[in-house]
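Working notes, structure below.
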Amino acid sequence: AELRKASKRLTCHKRYKIQKKIREHHRKVRKEAKKRGRKKPKKDPGVPSAAPFKEELLREAEQRKQRLEELKQKQKLNRQKEHEKKRKLEAKKAAKIKEKAEGKDSSGKSKARTNRLLDKNSKKSFCRELKKVIEASDVVLEVLDARDPMGCRCPQLEQAVTCSGGDKKLLLVLNKIDLVPKENLEKWLNYLKKEFPTVAFKSATLMKDRTMEQFTKRRARVDLSRTIECFGSKCLLKLLQEHSKTQNKTIQVGVVGFPNVGKSSIINSLKGVRACNVGLARGVTKSMQIVQIDKQTKMLDSPSIIADPSNSALALALRSIIDTEESGSADVLEGVNAILNHCSKQQVMMHYTIPDFRNTEEFLTLLAQKRGMLKKGGVPDIENTAKLLLCDWTGAKVSYHSQPPGSQRPPPYLTEDKIAEMQECFNLKYLEEENNNTVQALKYRSPASSIVFQSSGMANGTIEENKVIEEASEWEDLETSKEGEEEEEDFTESDDDQDNVEEEKDVKEVNRICSTLALALVSLTHDFLFSESEHSHSLSFSLDKTADEDDAYDFNTDYV
């Protein structure tokens with residue numbers, strides 16, 4: 001027999017007894033509160049309607065409030081950065097202690113294994129492979145995102161190719177042209193072709209592996225590995241084939257650029273199958289890959305260019321090789337803030353269909369609520385929303401466009417002789433005709449649906465391996481000697497304490513200013529109301545005065 005659950009019902013006697021006890025308790029609490037004399041919280045009277053300069057005072061109060069919020073947000077970001085830095089250092093120390101405990105042999109093996117893995121994914125490895133591609137190439141294709149072509153150009157790369165000597169050529173490939181308005185694309189093609197030969201390109205989408213096939217209802221085989229919706233590939237292939245004929249040899253074409261500009265997608269589009277791995281994550285390609293297009297052309301896929309840390313926050317957010325999954329929340333929030341500051345606020349609100357927002361945190365909160373990205377207890381997941389937004393902007397989901405510079409100012413390394421040298425082996429007339437055909441054949445976003453974006457200019461990149469600063473090497477330098485480590489830790493702790501003291505001082509100063517202004521406002525309104533009442537009393541007595549007495553009246557007496 002199954003055991004039945006005990007009933008929760010009570011007898012009437014017990015229920016009434018409980019209710020009576022509750023009533024007595026409440027009565028006792030009220031009695032004690034009455035004895036103590038409970039003070040009601042004072043309401044903020046606000047600014048009276050009759051107060052002078054009411055609008056200005058309210059505006060100033062709102063500005064003060066905004067400044068305080070911005071200060072708090074800045075302090076929060078700084079705290080998060082410091083916390084992440086300490087956490088990484090602690091993790092590194094813990095790993096070293098663990099290695100020492102395991103013993104010399106096991107630690108040596110694990111170290112070699114981790115070094116091998118780190119070497120493959122490290123920035124130095126990326127630079128080494130990129131350098132290899134540039135040296136092995138006869139023609140270098142610099143891939144640019146049509147939404148921000150100037151932000152995708154790397155002056156260090158262009159200088160390395162143009163000043164390398166020999167017959168090395170540089171071609172610009174303007175990819176993702178379907179994500180910008182038609183007029184904007186034409187402006188950029190006219191601007192870029194004055195410096196380097198530029199090809200308008202749209203990579204193939206819905207790319208599958210070459211082994212993938214699908215059976216239809218009629219049992220006919222359909223090969224999904226073939227490319228679809230590709231524009232500009234015919235033009236680019238013909239230019240490369242003509243160049244190989246003039247050189248009388250098989251040419252190697254290196255494809256380089258910043259992350260997520262579509263390097264591997266261009267090779268897949270030219271090959272006609274998925275020969276290289278592609279993905280939304282940054283830094284999918286980790287080493288040089290050779291893909292044979294035809295008898296005369298070999299394509300060399302390369303890892304992404306490493307963005308220099310000296311770049312602006314916007315350039316680091318869009319062009320950095322670090323994956324958003326691994327990067328810290330403070331860096332991601334800073335990147336989103338930089339993007340929003342370089343866009344039209346109204347267009348961003350219309351694109352994401354969210355109401356007005358005051359700062360980045362509020363924007364991400366509204367977006368998280370709209371997309372249902374909530375943590376436990378209904379708290380908006382701001383960090384993951386920020387990562388998703390960065391993926392949208394570097395991927396092909398968001399349509400935005402930037403305007404080319406007003407005047408043509410080539411970089412110092414690009415002289416007229418160099419421009420002529422880069423253009424001499426290519427049929428520029430054919431290139432222009434094919435670009436026009438590509439522009440006419442595509443469907444474009446309307447200018448109203450595309451967000452106006454303010455570019456931060458060329459992004460500096462690191463090509464030399466010895467110039468790359470790895471985070472791991474920094475940690476190793478910190479832990480070389482125990483004494484140095486202790487001194488540095490003391491120094492960083494003292495710096496943190498100083499920063500915290502300064503932050504506290506700033507907050508106290510703002511609070512002090514707000515309190516003094518509030519007191520001044522109360523006294524001003526009190527004086528104004530008092531002077532008004534005094535003036536109304538004096539009017540009844542001054543009706544019988546003569547005109548001369550009125551003229552001689554001192555108006556300052558009301559305000560003494």
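Ordering of the structure tokens sets the chain letters (A, B, ...), residue numbers begin anew at 1 in every chain, and ligands are numbered from 1 in the order given.
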Sel. of strand (DSSP E or B) residues, region 271-487 of chain A, as JSON, numbers by chain:
{"A": [274, 289, 290, 291, 292, 297, 298, 299, 300, 301, 306, 307, 343, 374, 380, 400, 401, 451, 452, 453, 461, 462]}
Might you pull out every residue within 8 Å of Val199 (chain A), with only C-alpha atoms counted and same-chain residues fewer than 6 positions away left off, and present them as a PDB file with C-alpha atoms, in the first residue's frame?
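Result file around22.pdb:
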ATOM      1  CA  LEU A 171      45.944  43.896 -55.125  1.00  0.00           C
ATOM      2  CA  LEU A 172      43.059  45.142 -52.962  1.00  0.00           C
ATOM      3  CA  VAL A 173      39.958  42.909 -52.780  1.00  0.00           C
ATOM      4  CA  LEU A 174      36.857  44.740 -51.524  1.00  0.00           C
ATOM      5  CA  GLY A 232      33.916  39.085 -58.895  1.00  0.00           C
ATOM      6  CA  CYS A 235      37.498  39.014 -62.923  1.00  0.00           C
ATOM      7  CA  LEU A 236      40.047  38.185 -60.195  1.00  0.00           C
ATOM      8  CA  LEU A 431      39.174  45.515 -64.294  1.00  0.00           C
ATOM      9  CA  ASN A 435      33.788  45.970 -61.452  1.00  0.00           C
TER      10      ASN A 435
END
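Omitting Ile266 (chain A) and its sequence neighbours fewer than 3 positions away, and counting only C-alpha atoms, the residues within 8 Å are Ser203, Ala204, Gly262, Lys263, Ser269 and Leu270 of chain A.
Here the question is which of A:Leu170, A:Ile339, A:Leu389, A:Ala315 gets nearest to Val143 (chain A) using only C-alpha atoms, and that residue is A:Leu170.
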If we count only C-alpha atoms and set the cut-off at 6 Å, which residues sit around region 121-136 of chain A, ignoring sequence neighbours fewer than 5 positions away in its own chain? Please answer as number ranges by chain.
A: 254, 287-288, 302-303, 463, 465
Next, dump the selected residues to file, keeping only all heavy atoms, as a PDB file, in the first residue's frame.
ATOM      1  N   GLY A 254      49.209  35.146 -52.258  1.00  0.00           N
ATOM      2  CA  GLY A 254      48.946  35.173 -50.815  1.00  0.00           C
ATOM      3  C   GLY A 254      47.728  36.015 -50.495  1.00  0.00           C
ATOM      4  O   GLY A 254      47.567  37.111 -51.024  1.00  0.00           O
ATOM      5  N   SER A 287      47.631  28.558 -39.664  1.00  0.00           N
ATOM      6  CA  SER A 287      48.896  28.355 -40.369  1.00  0.00           C
ATOM      7  C   SER A 287      48.672  28.503 -41.870  1.00  0.00           C
ATOM      8  O   SER A 287      47.528  28.541 -42.341  1.00  0.00           O
ATOM      9  CB  SER A 287      49.459  26.969 -40.063  1.00  0.00           C
ATOM     10  OG  SER A 287      48.523  25.977 -40.441  1.00  0.00           O
ATOM     11  N   MET A 288      49.771  28.561 -42.610  1.00  0.00           N
ATOM     12  CA  MET A 288      49.690  28.725 -44.071  1.00  0.00           C
ATOM     13  C   MET A 288      49.092  27.466 -44.709  1.00  0.00           C
ATOM     14  O   MET A 288      49.487  26.356 -44.366  1.00  0.00           O
ATOM     15  CB  MET A 288      51.088  28.984 -44.627  1.00  0.00           C
ATOM     16  CG  MET A 288      51.091  29.238 -46.120  1.00  0.00           C
ATOM     17  SD  MET A 288      52.700  29.726 -46.767  1.00  0.00           S
ATOM     18  CE  MET A 288      53.532  28.158 -46.832  1.00  0.00           C
ATOM     19  N   SER A 302      46.440  32.553 -45.232  1.00  0.00           N
ATOM     20  CA  SER A 302      47.320  32.964 -44.129  1.00  0.00           C
ATOM     21  C   SER A 302      46.520  33.260 -42.866  1.00  0.00           C
ATOM     22  O   SER A 302      45.327  33.561 -42.934  1.00  0.00           O
ATOM     23  CB  SER A 302      48.093  34.222 -44.525  1.00  0.00           C
ATOM     24  OG  SER A 302      47.214  35.328 -44.595  1.00  0.00           O
ATOM     25  N   PRO A 303      47.166  33.212 -41.696  1.00  0.00           N
ATOM     26  CA  PRO A 303      46.492  33.667 -40.468  1.00  0.00           C
ATOM     27  C   PRO A 303      46.266  35.182 -40.520  1.00  0.00           C
ATOM     28  O   PRO A 303      46.856  35.876 -41.333  1.00  0.00           O
ATOM     29  CB  PRO A 303      47.494  33.313 -39.362  1.00  0.00           C
ATOM     30  CG  PRO A 303      48.503  32.422 -39.982  1.00  0.00           C
ATOM     31  CD  PRO A 303      48.527  32.744 -41.427  1.00  0.00           C
ATOM     32  N   ILE A 463      53.744  42.747 -37.931  1.00  0.00           N
ATOM     33  CA  ILE A 463      54.148  41.694 -38.868  1.00  0.00           C
ATOM     34  C   ILE A 463      55.420  41.000 -38.385  1.00  0.00           C
ATOM     35  O   ILE A 463      55.584  39.806 -38.554  1.00  0.00           O
ATOM     36  CB  ILE A 463      54.335  42.279 -40.287  1.00  0.00           C
ATOM     37  CG1 ILE A 463      52.987  42.795 -40.801  1.00  0.00           C
ATOM     38  CG2 ILE A 463      54.900  41.243 -41.248  1.00  0.00           C
ATOM     39  CD1 ILE A 463      53.068  43.598 -42.057  1.00  0.00           C
ATOM     40  N   GLU A 465      57.887  39.195 -35.968  1.00  0.00           N
ATOM     41  CA  GLU A 465      57.683  38.286 -34.832  1.00  0.00           C
ATOM     42  C   GLU A 465      58.279  38.832 -33.543  1.00  0.00           C
ATOM     43  O   GLU A 465      57.701  38.676 -32.465  1.00  0.00           O
ATOM     44  CB  GLU A 465      58.328  36.937 -35.171  1.00  0.00           C
ATOM     45  CG  GLU A 465      57.994  35.841 -34.199  1.00  0.00           C
ATOM     46  CD  GLU A 465      58.704  34.538 -34.516  1.00  0.00           C
ATOM     47  OE1 GLU A 465      59.164  34.370 -35.664  1.00  0.00           O
ATOM     48  OE2 GLU A 465      58.805  33.711 -33.602  1.00  0.00           O
TER      49      GLU A 465
END
